[in-house]
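**Q** Got a file for you: data_32.tsv, TSV, C-alpha atoms.
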```
chain	number	residue	atom	x	y	z
A	923	SER	CA	0.00	0.00	0.00
A	924	ARG	CA	3.11	2.23	0.14
A	925	SER	CA	1.96	3.47	3.53
A	926	ASP	CA	3.55	4.06	6.90
A	927	GLN	CA	1.48	2.38	9.60
A	928	SER	CA	1.85	1.96	13.35
A	929	ARG	CA	-0.32	-0.19	15.62
A	930	LEU	CA	-0.31	-0.12	19.43
A	931	LEU	CA	-2.37	-2.72	21.29
A	932	SER	CA	-2.50	-2.99	25.07
A	933	ILE	CA	-4.44	-4.69	27.85
A	934	VAL	CA	-4.92	-2.60	30.99
A	935	ASN	CA	-6.06	-4.50	34.09
A	936	THR	CA	-7.91	-2.24	36.52
A	937	GLY	CA	-8.91	-4.91	39.06
A	938	ALA	CA	-9.17	-8.63	39.69
A	939	SER	CA	-11.92	-9.00	37.08
A	940	THR	CA	-12.01	-5.61	35.31
A	941	GLY	CA	-9.98	-3.99	32.57
A	942	TYR	CA	-10.03	-2.80	28.99
A	943	TYR	CA	-8.24	-3.04	25.66
A	944	LEU	CA	-6.50	-0.07	24.04
A	945	ASP	CA	-5.92	0.20	20.29
A	946	ILE	CA	-4.12	3.11	18.59
A	947	PHE	CA	-3.70	2.77	14.82
A	948	ARG	CA	-1.83	5.38	12.77
A	949	SER	CA	-1.68	5.30	8.97
A	950	LYS	CA	-0.50	7.62	6.18
A	951	LYS	CA	0.73	7.37	2.61
A	952	GLN	CA	4.46	7.59	2.07
A	953	ARG	CA	3.72	10.21	-0.54
A	954	ALA	CA	1.23	13.06	-0.38
A	955	GLY	CA	-2.36	12.76	-1.52
A	956	ASP	CA	-4.08	10.64	1.15
A	957	LYS	CA	-7.75	10.17	0.17
A	958	PHE	CA	-8.86	8.26	3.25
A	959	HIS	CA	-7.96	5.49	5.67
A	960	ASP	CA	-10.43	2.96	7.11
A	961	TYR	CA	-10.68	1.10	10.43
A	962	PHE	CA	-13.01	-1.92	10.72
A	963	TYR	CA	-14.19	-3.79	13.79
A	964	HIS	CA	-16.90	-6.43	14.08
A	965	ASN	CA	-18.17	-8.27	17.14
A	966	LEU	CA	-20.60	-11.02	18.02
A	967	GLY	CA	-24.05	-9.77	18.93
A	968	GLU	CA	-27.61	-9.33	17.68
A	969	GLU	CA	-27.79	-5.57	18.08
A	970	LEU	CA	-25.37	-2.70	17.35
A	971	LEU	CA	-25.91	0.84	18.59
A	972	ILE	CA	-23.69	3.83	17.80
A	973	LYS	CA	-24.02	6.73	20.22
A	974	ASP	CA	-22.51	10.06	21.17
A	975	PRO	CA	-20.71	10.50	24.54
A	976	SER	CA	-24.03	11.40	26.19
A	977	GLY	CA	-25.60	8.11	25.13
A	978	HIS	CA	-27.84	9.49	22.38
A	979	ASP	CA	-28.06	7.56	19.11
A	980	LEU	CA	-26.08	9.12	16.27
A	981	PRO	CA	-28.29	10.09	13.27
A	982	LEU	CA	-27.03	7.47	10.82
A	983	GLU	CA	-28.26	7.75	7.24
A	984	PRO	CA	-28.05	5.22	4.35
A	985	ASN	CA	-24.75	5.62	2.51
A	986	GLU	CA	-23.24	3.51	-0.28
A	987	GLU	CA	-19.94	5.42	-0.37
A	988	MET	CA	-18.19	2.49	1.32
A	989	ALA	CA	-18.96	0.05	-1.46
A	990	PHE	CA	-17.42	-1.84	-4.36
A	991	ALA	CA	-19.11	0.64	-6.70
A	992	GLY	CA	-16.67	3.23	-5.39
A	993	GLY	CA	-13.83	1.05	-6.67
A	994	HIS	CA	-12.01	1.04	-3.34
A	995	LEU	CA	-12.05	-2.57	-2.14
A	996	PHE	CA	-13.83	-5.60	-3.58
A	997	ALA	CA	-14.74	-7.03	-0.17
A	998	LEU	CA	-16.97	-4.03	0.57
A	999	GLY	CA	-19.37	-5.29	-2.09
A	1000	TYR	CA	-20.28	-8.22	0.18
A	1001	MET	CA	-21.53	-5.91	2.93
A	1002	TRP	CA	-24.93	-4.27	3.08
A	1003	ASP	CA	-27.22	-1.92	5.02
A	1004	LYS	CA	-24.46	0.67	5.27
A	1005	ARG	CA	-25.40	3.73	7.31
A	1006	SER	CA	-23.13	6.58	8.33
A	1007	VAL	CA	-22.72	10.01	9.89
A	1008	LYS	CA	-19.88	12.53	9.79
A	1009	THR	CA	-18.74	13.76	13.19
A	1010	ASN	CA	-15.69	15.31	14.82
A	1011	LYS	CA	-16.88	14.34	18.30
A	1012	ASP	CA	-16.03	11.26	20.34
A	1013	TYR	CA	-18.43	8.37	19.79
A	1014	GLN	CA	-19.18	4.93	21.16
A	1015	ALA	CA	-20.61	1.65	19.91
A	1016	VAL	CA	-22.34	-1.13	21.83
A	1017	TRP	CA	-22.84	-4.75	20.67
A	1018	LYS	CA	-25.50	-6.66	22.60
A	1019	MET	CA	-25.93	-10.42	22.84
A	1020	ARG	CA	-29.16	-11.32	24.61
A	1021	GLN	CA	-29.16	-14.13	27.16
A	1022	ALA	CA	-32.24	-16.10	28.25
A	1023	ASN	CA	-31.38	-15.51	31.92
A	1024	GLY	CA	-31.36	-11.75	31.40
A	1025	ASN	CA	-27.62	-11.39	32.00
A	1026	HIS	CA	-26.97	-9.98	28.52
A	1027	VAL	CA	-23.40	-9.69	27.19
A	1028	TYR	CA	-22.03	-6.43	25.78
A	1029	MET	CA	-18.95	-5.14	24.02
A	1030	ASN	CA	-18.49	-1.42	24.62
A	1031	LEU	CA	-16.29	0.53	22.20
A	1032	TRP	CA	-15.21	4.16	22.63
A	1033	MET	CA	-13.43	6.03	19.84
A	1034	LYS	CA	-11.81	9.44	19.84
A	1035	GLY	CA	-13.28	11.88	17.33
A	1036	TYR	CA	-11.33	13.93	14.80
A	1037	GLU	CA	-12.10	16.40	12.03
A	1038	GLY	CA	-12.68	14.54	8.79
A	1039	ARG	CA	-14.12	11.41	10.44
A	1040	GLU	CA	-17.12	9.44	9.17
A	1041	VAL	CA	-18.61	6.54	11.15
A	1042	PHE	CA	-20.39	3.61	9.51
A	1043	ALA	CA	-22.66	0.85	10.82
A	1044	ILE	CA	-22.49	-2.12	8.44
A	1045	LYS	CA	-23.81	-5.65	8.14
A	1046	ALA	CA	-21.17	-8.14	7.02
A	1047	PRO	CA	-21.47	-11.83	6.03
A	1048	SER	CA	-22.21	-14.23	8.89
A	1049	VAL	CA	-19.60	-15.89	11.09
A	1050	LYS	CA	-18.33	-19.21	9.69
A	1051	SER	CA	-15.44	-19.86	12.09
A	1052	PHE	CA	-17.57	-21.62	14.74
A	1053	ARG	CA	-18.27	-25.28	14.00
A	1054	SER	CA	-21.49	-25.32	16.00
A	1055	ASN	CA	-23.97	-22.88	17.48
A	1056	GLU	CA	-23.72	-24.48	20.92
A	1057	GLY	CA	-23.58	-21.94	23.71
A	1058	PHE	CA	-24.80	-19.04	21.59
A	1059	PRO	CA	-28.30	-17.59	22.05
A	1060	TYR	CA	-28.81	-16.85	18.34
A	1061	ASP	CA	-28.09	-18.43	14.95
A	1062	LEU	CA	-24.53	-17.31	14.19
A	1063	LYS	CA	-24.22	-18.90	10.77
A	1064	ASN	CA	-27.36	-17.22	9.42
A	1065	SER	CA	-27.08	-13.82	11.09
A	1066	PRO	CA	-25.12	-10.81	9.84
A	1067	PHE	CA	-21.81	-9.94	11.47
A	1068	LEU	CA	-22.45	-6.48	12.92
A	1069	THR	CA	-19.60	-4.13	12.00
A	1070	ILE	CA	-18.46	-0.59	12.70
A	1071	ALA	CA	-16.13	1.23	10.32
A	1072	ALA	CA	-14.40	4.56	10.84
A	1073	ARG	CA	-13.22	6.43	7.76
A	1074	GLN	CA	-10.69	9.22	8.19
A	1075	TYR	CA	-10.55	11.51	5.16
A	1076	GLY	CA	-6.97	12.53	4.52
A	1077	GLU	CA	-4.14	11.05	6.59
A	1078	ALA	CA	-4.76	9.03	9.75
A	1079	TRP	CA	-1.35	9.60	11.33
A	1080	ASN	CA	-2.06	12.87	13.06
A	1081	HIS	CA	-5.74	11.83	13.18
A	1082	PRO	CA	-5.29	8.21	14.28
A	1083	PHE	CA	-7.94	5.65	15.14
A	1084	VAL	CA	-7.96	5.58	18.94
A	1085	SER	CA	-10.19	2.93	20.52
A	1086	ILE	CA	-10.92	1.50	23.94
A	1087	PHE	CA	-12.87	-1.75	24.27
A	1088	GLU	CA	-14.51	-3.05	27.44
A	1089	PRO	CA	-16.62	-6.24	27.56
A	1090	ALA	CA	-19.32	-6.35	30.23
A	1091	THR	CA	-22.44	-8.18	31.33
A	1092	GLU	CA	-25.85	-6.85	32.31
A	1093	LYS	CA	-25.33	-7.96	35.92
A	1094	GLU	CA	-21.85	-6.50	36.46
A	1095	GLY	CA	-22.09	-3.48	34.15
A	1096	LYS	CA	-19.22	-1.42	32.81
A	1097	SER	CA	-16.30	-0.63	35.10
A	1098	ILE	CA	-15.31	2.49	33.12
A	1099	LEU	CA	-16.98	5.68	34.25
A	1100	SER	CA	-15.67	8.03	31.56
A	1101	ILE	CA	-13.02	8.43	28.84
A	1102	GLU	CA	-11.65	11.78	27.74
A	1103	SER	CA	-8.73	12.91	25.60
A	1104	PHE	CA	-6.24	15.60	26.51
A	1105	ALA	CA	-3.69	17.67	24.60
A	1106	VAL	CA	-0.25	18.87	25.68
A	1107	ASP	CA	1.72	21.92	24.61
A	1108	ASN	CA	4.55	21.57	22.09
A	1109	ALA	CA	3.82	17.90	21.31
A	1110	SER	CA	3.92	16.48	17.80
A	1111	PRO	CA	0.51	16.34	16.03
A	1112	ASP	CA	0.40	12.53	16.31
A	1113	PHE	CA	0.40	12.61	20.14
A	1114	VAL	CA	-2.51	10.87	21.88
A	1115	GLY	CA	-3.45	11.52	25.50
A	1116	LEU	CA	-6.34	9.86	27.32
A	1117	VAL	CA	-7.80	9.85	30.81
A	1118	VAL	CA	-9.77	6.70	31.68
A	1119	LYS	CA	-11.75	6.97	34.91
A	1120	SER	CA	-13.13	3.83	36.55
A	1121	LYS	CA	-16.05	3.50	38.93
A	1122	SER	CA	-13.62	2.17	41.57
A	1123	GLY	CA	-12.01	5.62	41.75
A	1124	ARG	CA	-8.99	4.64	39.66
A	1125	ASN	CA	-7.69	7.08	37.04
A	1126	ASP	CA	-5.43	6.01	34.15
A	1127	TYR	CA	-3.46	8.64	32.24
A	1128	ILE	CA	-2.39	7.26	28.86
A	1129	PHE	CA	0.38	8.77	26.72
A	1130	SER	CA	1.31	7.69	23.18
A	1131	SER	CA	3.75	9.28	20.73
A	1132	ALA	CA	4.89	8.03	17.35
A	1133	LYS	CA	8.28	9.70	17.66
A	1134	GLU	CA	10.73	10.34	20.49
A	1135	GLU	CA	9.72	13.46	22.44
A	1136	GLU	CA	9.18	14.53	26.03
A	1137	VAL	CA	5.68	15.67	26.93
A	1138	LEU	CA	4.34	17.23	30.12
A	1139	TYR	CA	0.81	17.00	31.48
A	1140	LYS	CA	-0.22	17.92	35.03
A	1141	GLU	CA	3.28	17.36	36.46
A	1142	MET	CA	3.55	14.01	34.66
A	1143	ARG	CA	6.46	13.71	32.22
A	1144	VAL	CA	6.82	11.04	29.56
A	1145	ASN	CA	9.23	10.24	26.74
A	1146	GLY	CA	8.13	6.98	25.20
A	1147	THR	CA	6.01	5.23	22.63
A	1148	TYR	CA	3.51	4.33	25.35
A	1149	ALA	CA	3.04	5.13	29.02
A	1150	VAL	CA	0.30	4.60	31.58
A	1151	ILE	CA	0.28	6.43	34.91
A	1152	SER	CA	-2.42	5.09	37.23
A	1153	GLU	CA	-3.66	6.23	40.61
A	1154	GLU	CA	-6.24	4.77	42.97
A	1155	GLY	CA	-6.28	6.22	46.47
A	1156	ASN	CA	-2.69	6.06	47.73
A	1157	ASP	CA	-1.73	3.28	45.31
A	1158	PHE	CA	-0.20	4.08	41.93
A	1159	THR	CA	1.62	2.64	38.92
A	1160	LEU	CA	4.14	4.16	36.51
A	1161	PHE	CA	4.45	2.10	33.33
A	1162	LEU	CA	6.86	2.98	30.52
A	1163	GLY	CA	6.68	1.20	27.17
A	1164	ASN	CA	9.56	1.54	24.69
A	1165	GLY	CA	10.74	4.81	26.19
A	1166	LYS	CA	13.40	6.70	28.11
A	1167	LEU	CA	11.44	8.61	30.74
A	1168	VAL	CA	8.35	8.50	32.92
A	1169	ALA	CA	7.90	10.74	35.95
A	1170	ALA	CA	4.98	11.16	38.37
A	1171	LYS	CA	4.17	10.95	42.08
A	1172	GLY	CA	7.65	12.29	42.86
A	1173	PHE	CA	9.37	9.33	41.15
A	1174	THR	CA	11.32	9.36	37.91
A	1175	ILE	CA	12.35	6.35	35.81
A	1176	SER	CA	14.99	7.25	33.22
A	1177	ALA	CA	16.98	5.15	30.76
A	1178	ASN	CA	19.70	5.71	28.16
A	1179	GLN	CA	17.95	3.46	25.64
A	1180	ALA	CA	14.35	2.65	24.83
A	1181	SER	CA	13.16	0.43	27.68
A	1182	ASN	CA	10.12	-1.13	29.27
A	1183	ALA	CA	9.80	-0.52	33.00
A	1184	ALA	CA	7.13	-0.41	35.69
A	1185	LEU	CA	6.97	0.87	39.27
A	1186	HIS	CA	3.94	-0.24	41.25
A	1187	TYR	CA	3.04	0.89	44.77
A	1188	GLU	CA	0.30	-0.98	46.63
A	1189	GLN	CA	-0.52	-1.01	50.34
A	1190	GLY	CA	2.89	0.27	51.39
A	1191	ILE	CA	4.96	-2.06	49.18
A	1192	TYR	CA	6.93	-1.12	46.03
A	1193	TYR	CA	7.29	-3.48	43.07
A	1194	PHE	CA	9.55	-2.94	40.06
A	1195	SER	CA	10.49	-4.49	36.73
A	1196	CYS	CA	12.57	-3.43	33.73
A	1197	ASP	CA	14.14	-5.02	30.66
A	1198	HIS	CA	17.16	-2.66	30.48
A	1199	PRO	CA	19.22	-0.84	33.12
A	1200	VAL	CA	17.38	2.24	34.40
A	1201	VAL	CA	17.78	4.89	37.08
A	1202	LEU	CA	14.99	5.39	39.62
A	1203	THR	CA	14.88	8.75	41.39
A	1204	THR	CA	12.77	8.91	44.57
A	1205	PRO	CA	10.83	11.91	45.97
A	1206	SER	CA	13.71	12.53	48.41
A	1207	GLY	CA	16.16	12.90	45.50
A	1208	LYS	CA	17.85	9.55	46.02
A	1209	THR	CA	18.93	7.78	42.83
A	1210	ILE	CA	18.97	4.00	42.50
A	1211	GLU	CA	20.57	2.22	39.55
A	1212	ILE	CA	18.50	-0.85	38.71
A	1213	GLN	CA	19.66	-3.61	36.39
A	1214	THR	CA	17.33	-5.77	34.33
A	1215	ARG	CA	14.93	-7.51	36.70
A	1216	ASP	CA	11.62	-9.34	36.74
A	1217	TYR	CA	8.63	-8.01	38.63
A	1218	THR	CA	9.71	-8.21	42.28
A	1219	ILE	CA	9.50	-6.25	45.53
A	1220	LEU	CA	11.79	-3.22	45.58
A	1221	SER	CA	13.40	-1.81	48.73
A	1222	LEU	CA	14.00	1.94	48.74
A	1223	LYS	CA	16.24	1.87	51.81
```
Could you write out this file's structure as C-alpha cells?
**A**
Amino acid sequence: SRSDQSRLLSIVNTGASTGYYLDIFRSKKQRAGDKFHDYFYHNLGEELLIKDPSGHDLPLEPNEEMAFAGGHLFALGYMWDKRSVKTNKDYQAVWKMRQANGNHVYMNLWMKGYEGREVFAIKAPSVKSFRSNEGFPYDLKNSPFLTIAARQYGEAWNHPFVSIFEPATEKEGKSILSIESFAVDNASPDFVGLVVKSKSGRNDYIFSSAKEEEVLYKEMRVNGTYAVISEEGNDFTLFLGNGKLVAAKGFTISANQASNAALHYEQGIYYFSCDHPVVLTTPSGKTIEIQTRDYTILSLK
C-alpha cells in the first residue's frame, strides 16, 4: 500500500476481574495525496448501537460510499445496510448479545473523534469460524456480522484511530466511568493523551507518541512510545513502554535506551520491573541504579 502504519495494542487491568483493551492505529501514505484510511471492527451480537458520549443515538443515514461501486475494495461489495454520519466528536458503539437468563453480554467501544471522520454501521457476512452454534443464544451462521467502520478523510497519522474496548455483562455493568482525551503543549501532532476513569475511583493517564519526544501534562512527564500512569487512592503505577522517561508521584524512571519498565506501589509495598538498566529517582532525590529484573518487591532503603 506504500503506507507508513503503526499499531499499538495494550491490555490494561484495573482490578481482579475488570480492565479494557487499548488500540491506537496510525496510517498515512508515504507520498502526499491521502484520500482516506479505514478502520473496521466487528463483534458477536444481535444488536449494534452507535451513540454520542451522552448516550444518544447518532443520526445514521443510508450511505453507499463504502462500497465496491466506489472502486475502493472488492470485499466491501459483500456488505450491506451501510449507514453513516460525519462527526468530529467522540463516539461509542455497543454490541448486545441477549441471554435467556437476562444477563446480557455487551462489548463497549469508545473512539476518539477527529475532524474529517465518518462513522459507519455495516452488516457483514455471517460468522463461519464456529463449527457449531452451541452456547450461543442466536443463529450465528445465518445472522449478519455487525460491524463498525471509521473512515478518516486525509491522513490518519495525526488523526489516528484511537479505541478503547470493554466487555461487560448486564449484571456486572461497565467498570469504566468516563473516557476523555487531553492535549499537551509543544507535542507532535500525532500525540494521543487519554484519561480513563473507573467506577472504583482509579484514574489512568495514557500517553502515546509516534516519535521520540518529552511531553508534560499535570506534572507528569513522559518520553516513550507508550506510558500509563495510574492512581487509585494512595496506590499508583508508573508504566513505561519503549521509552526513556516517565515521571509522576515524585518518582522518575529514566533510561539511556528505549526500555520497558514499571513501578507499582500498593498497600505500602513497592514493586519494580525493567528489561534494560534504568535509574529510579525517589521523591527525596535519592537515585537507584537498577539492572534488568523481573517483577519483584523493591526496597527503597
**Q** Taking into account all atoms listed in the file, which residue in the set A:Ile1086, A:Ile972, A:Ala1078, A:Leu1185 is nearest to A:Ser1006?
**A**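 Result for the nearest residue to A:Ser1006: A:Ile972.
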**Q** Rank nothing, just name the residue among A:Asp1197, A:Asp1003, A:Asp1126, A:Glu1102 nearest to A:Glu1153, using all atoms listed in the file.
**A**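 Smallest distance to A:Glu1153 is found for A:Asp1126.
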**Q** For A:Tyr1217, which of A:Thr1159, A:Ala1183, A:Met1019, A:Leu966 is the closest residue, counting all atoms listed in the file?
**A**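 Counting all atoms listed in the file, the residue closest to A:Tyr1217 is A:Ala1183.
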**Q** Quick one, how far is atom CA of A:Phe947 from atom CA of A:Tyr1036?
**A**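 Those two atoms sit 13.5 Å apart.
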**Q** Report the distance between atom CA of A:Lys1171 and atom CA of A:Leu944 in Å, rounded to one decimal place.
**A** 23.7 Å
**Q** Smallest atom-to-atom distance to A:Trp1002: which of A:Asn1064, A:Asn1030, A:Thr1069, A:Ser1131, using all atoms listed in the file?
**A**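 Ranked by minimum distance to A:Trp1002, first place goes to A:Thr1069.
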**Q** Skip A:His1081 itself and residues of its chain fewer than 4 positions away, then list as a list in words all residues within 10 Å of it, counting only C-alpha atoms.
**A** Phe947, Arg948, Ser949, Lys950, Lys1034, Gly1035, Tyr1036, Glu1037, Gly1038, Arg1039, Gln1074, Tyr1075, Gly1076, Glu1077, Pro1111, Asp1112, Phe1113 and Val1114 of chain A
**Q** Write the residues you've just listed into a file as a CSV table (one decimal), keeping the file's coordinate frame, and include C-alpha atoms for each of them.
**A**
```
chain,number,residue,atom,x,y,z
A,947,PHE,CA,-3.7,2.8,14.8
A,948,ARG,CA,-1.8,5.4,12.8
A,949,SER,CA,-1.7,5.3,9.0
A,950,LYS,CA,-0.5,7.6,6.2
A,1034,LYS,CA,-11.8,9.4,19.8
A,1035,GLY,CA,-13.3,11.9,17.3
A,1036,TYR,CA,-11.3,13.9,14.8
A,1037,GLU,CA,-12.1,16.4,12.0
A,1038,GLY,CA,-12.7,14.5,8.8
A,1039,ARG,CA,-14.1,11.4,10.4
A,1074,GLN,CA,-10.7,9.2,8.2
A,1075,TYR,CA,-10.6,11.5,5.2
A,1076,GLY,CA,-7.0,12.5,4.5
A,1077,GLU,CA,-4.1,11.0,6.6
A,1111,PRO,CA,0.5,16.3,16.0
A,1112,ASP,CA,0.4,12.5,16.3
A,1113,PHE,CA,0.4,12.6,20.1
A,1114,VAL,CA,-2.5,10.9,21.9
```
**Q** The residues within 12 Å of (-27.5, 11.3, 17.9), using all atoms listed in the file and the coordinates of the file, should be reported as a PyMOL selection string; which are they?
**A** chain A and resi 971-983+1006-1009+1011-1014
**Q** For atom CA of A:Leu1167 and atom CA of A:Cys1196, quote the distance in Å rounded to one decimal.
**A**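 We find that atom CA of A:Leu1167 and atom CA of A:Cys1196 lie 12.5 Å from each other.
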**Q** Kindly provide, as JSON, numbers by chain, the polymer residues lying within 12 Å of (13.4, 6.6, 39.0), counting only C-alpha atoms and using the coordinates exactly as they appear in the file.
**A** {"A": [1160, 1161, 1162, 1166, 1167, 1168, 1169, 1170, 1171, 1172, 1173, 1174, 1175, 1176, 1177, 1183, 1184, 1185, 1186, 1194, 1195, 1196, 1199, 1200, 1201, 1202, 1203, 1204, 1205, 1206, 1207, 1208, 1209, 1210, 1211, 1212, 1220, 1222]}
**Q** With distances taken over all atoms listed in the file, which of A:Ile1098, A:Ile946, A:Val1106, A:Ile1044 is nearest to A:Phe1083?
**A**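 Ranking A:Ile1098, A:Ile946, A:Val1106, A:Ile1044 by distance to A:Phe1083, first place goes to A:Ile946.
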**Q** Write out as a list of chain:residue names each polymer residue whose atoms come within 8 Å of A:Phe1067, counting all atoms listed in the file; drop sequence neighbours fewer than 5 positions from it.
**A**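 Counting all atoms listed in the file, the residues come to A:His964, A:Asn965, A:Leu966, A:Gly967, A:Lys1045, A:Ala1046, A:Pro1047, A:Ser1048, A:Val1049.
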**Q** Could you tell me which of A:Gly1190, A:Pro1082, A:Gly1123, A:Pro1059 comes closest to A:Glu1154 if we count all atoms listed in the file?
**A**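 Going through A:Gly1190, A:Pro1082, A:Gly1123, A:Pro1059 one by one, the smallest distance to A:Glu1154 is for A:Gly1123.
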**Q** With all atoms listed in the file as the counted atoms, please give the residues lying no more than 9 Å from A:Glu1136, apart from itself and same-chain residues fewer than 4 positions off, as a ChimeraX atom specification.
**A** /A:1109,1143-1146,1167
**Q** Could you list, as number ranges by chain, every residue within 10 Å of A:Ala1071, counting only C-alpha atoms and ignoring same-chain residues fewer than 4 positions away?
**A** A: 960-964, 988, 1004, 1006, 1040-1044
**Q** Take the residues that were just selected and, keeping C-alpha atoms, output them as a PDB file, in the frame of the given file.
**A**
```pdb
ATOM      1  CA  ASP A 960     -10.430   2.960   7.110  1.00  0.00           C
ATOM      2  CA  TYR A 961     -10.680   1.100  10.430  1.00  0.00           C
ATOM      3  CA  PHE A 962     -13.010  -1.920  10.720  1.00  0.00           C
ATOM      4  CA  TYR A 963     -14.190  -3.790  13.790  1.00  0.00           C
ATOM      5  CA  HIS A 964     -16.900  -6.430  14.080  1.00  0.00           C
ATOM      6  CA  MET A 988     -18.190   2.490   1.320  1.00  0.00           C
ATOM      7  CA  LYS A1004     -24.460   0.670   5.270  1.00  0.00           C
ATOM      8  CA  SER A1006     -23.130   6.580   8.330  1.00  0.00           C
ATOM      9  CA  GLU A1040     -17.120   9.440   9.170  1.00  0.00           C
ATOM     10  CA  VAL A1041     -18.610   6.540  11.150  1.00  0.00           C
ATOM     11  CA  PHE A1042     -20.390   3.610   9.510  1.00  0.00           C
ATOM     12  CA  ALA A1043     -22.660   0.850  10.820  1.00  0.00           C
ATOM     13  CA  ILE A1044     -22.490  -2.120   8.440  1.00  0.00           C
TER      14      ILE A1044
END
```
**Q** Report, as AutoDock Vina command-line options, the centre and edge lengths in Å (one decimal) of the axis-aligned box enclosing every listed atom of stretch 1035-1046 of chain A, padded by 8 Å on each side.
**A**
```
--center_x -17.6 --center_y 4.1 --center_z 12.2 --size_x 28.5 --size_y 40.5 --size_z 26.3
```
**Q** Set the distance at 9 Å and use only C-alpha atoms: which residues neighbour stretch 1054-1058 of chain A once local chain neighbours fewer than 4 positions away are removed? I'd like the list as a tab-separated table (two decimals) with C-alpha atoms, keeping the file's coordinate frame.
**A**
```
chain	number	residue	atom	x	y	z
A	1019	MET	CA	-25.93	-10.42	22.84
A	1021	GLN	CA	-29.16	-14.13	27.16
A	1062	LEU	CA	-24.53	-17.31	14.19
A	1063	LYS	CA	-24.22	-18.90	10.77
```
**Q** Per residue of stretch 1107-1204 of chain A within 10 Å of stretch 1089-1097 of chain A, note the shortest atom pair and the distance in Å to one decimal, counting only C-alpha atoms, and order the rows by chain and increasing residue number, as a Markdown table.
**A**
```
| residue | atom | partner | partner_atom | distance |
| --- | --- | --- | --- | --- |
| A:Lys1119 | CA | A:Ser1097 | CA | 8.9 |
| A:Ser1120 | CA | A:Ser1097 | CA | 5.7 |
| A:Lys1121 | CA | A:Ser1097 | CA | 5.6 |
| A:Ser1122 | CA | A:Ser1097 | CA | 7.5 |
```
**Q** Write out N, CA and C atoms for stretch 1042-1057 of chain A, as a CSV table (one decimal), in the coordinates of the input.
**A**
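New file out-v1.csv:
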```csv
chain,number,residue,atom,x,y,z
A,1042,PHE,N,-19.5,4.5,10.2
A,1042,PHE,CA,-20.4,3.6,9.5
A,1042,PHE,C,-20.9,2.5,10.4
A,1043,ALA,N,-22.1,2.1,10.3
A,1043,ALA,CA,-22.7,0.8,10.8
A,1043,ALA,C,-23.0,0.0,9.6
A,1044,ILE,N,-22.4,-1.3,9.6
A,1044,ILE,CA,-22.5,-2.1,8.4
A,1044,ILE,C,-22.9,-3.5,8.8
A,1045,LYS,N,-23.6,-4.2,8.0
A,1045,LYS,CA,-23.8,-5.6,8.1
A,1045,LYS,C,-22.9,-6.4,7.2
A,1046,ALA,N,-22.1,-7.3,7.8
A,1046,ALA,CA,-21.2,-8.1,7.0
A,1046,ALA,C,-21.6,-9.6,7.0
A,1047,PRO,N,-21.1,-10.4,6.1
A,1047,PRO,CA,-21.5,-11.8,6.0
A,1047,PRO,C,-21.3,-12.5,7.4
A,1048,SER,N,-22.1,-13.5,7.6
A,1048,SER,CA,-22.2,-14.2,8.9
A,1048,SER,C,-20.9,-14.9,9.3
A,1049,VAL,N,-20.8,-15.2,10.6
A,1049,VAL,CA,-19.6,-15.9,11.1
A,1049,VAL,C,-19.6,-17.4,10.7
A,1050,LYS,N,-18.5,-17.8,10.1
A,1050,LYS,CA,-18.3,-19.2,9.7
A,1050,LYS,C,-17.2,-19.9,10.5
A,1051,SER,N,-16.6,-19.3,11.4
A,1051,SER,CA,-15.4,-19.9,12.1
A,1051,SER,C,-15.8,-20.8,13.2
A,1052,PHE,N,-17.1,-20.7,13.7
A,1052,PHE,CA,-17.6,-21.6,14.7
A,1052,PHE,C,-18.2,-22.9,14.1
A,1053,ARG,N,-17.8,-24.0,14.6
A,1053,ARG,CA,-18.3,-25.3,14.0
A,1053,ARG,C,-19.7,-25.6,14.4
A,1054,SER,N,-20.1,-25.1,15.6
A,1054,SER,CA,-21.5,-25.3,16.0
A,1054,SER,C,-22.0,-24.1,16.6
A,1055,ASN,N,-23.3,-24.0,16.9
A,1055,ASN,CA,-24.0,-22.9,17.5
A,1055,ASN,C,-24.2,-23.1,19.0
A,1056,GLU,N,-23.5,-24.1,19.5
A,1056,GLU,CA,-23.7,-24.5,20.9
A,1056,GLU,C,-23.2,-23.4,21.8
A,1057,GLY,N,-24.0,-23.0,22.8
A,1057,GLY,CA,-23.6,-21.9,23.7
A,1057,GLY,C,-23.9,-20.5,23.3
```
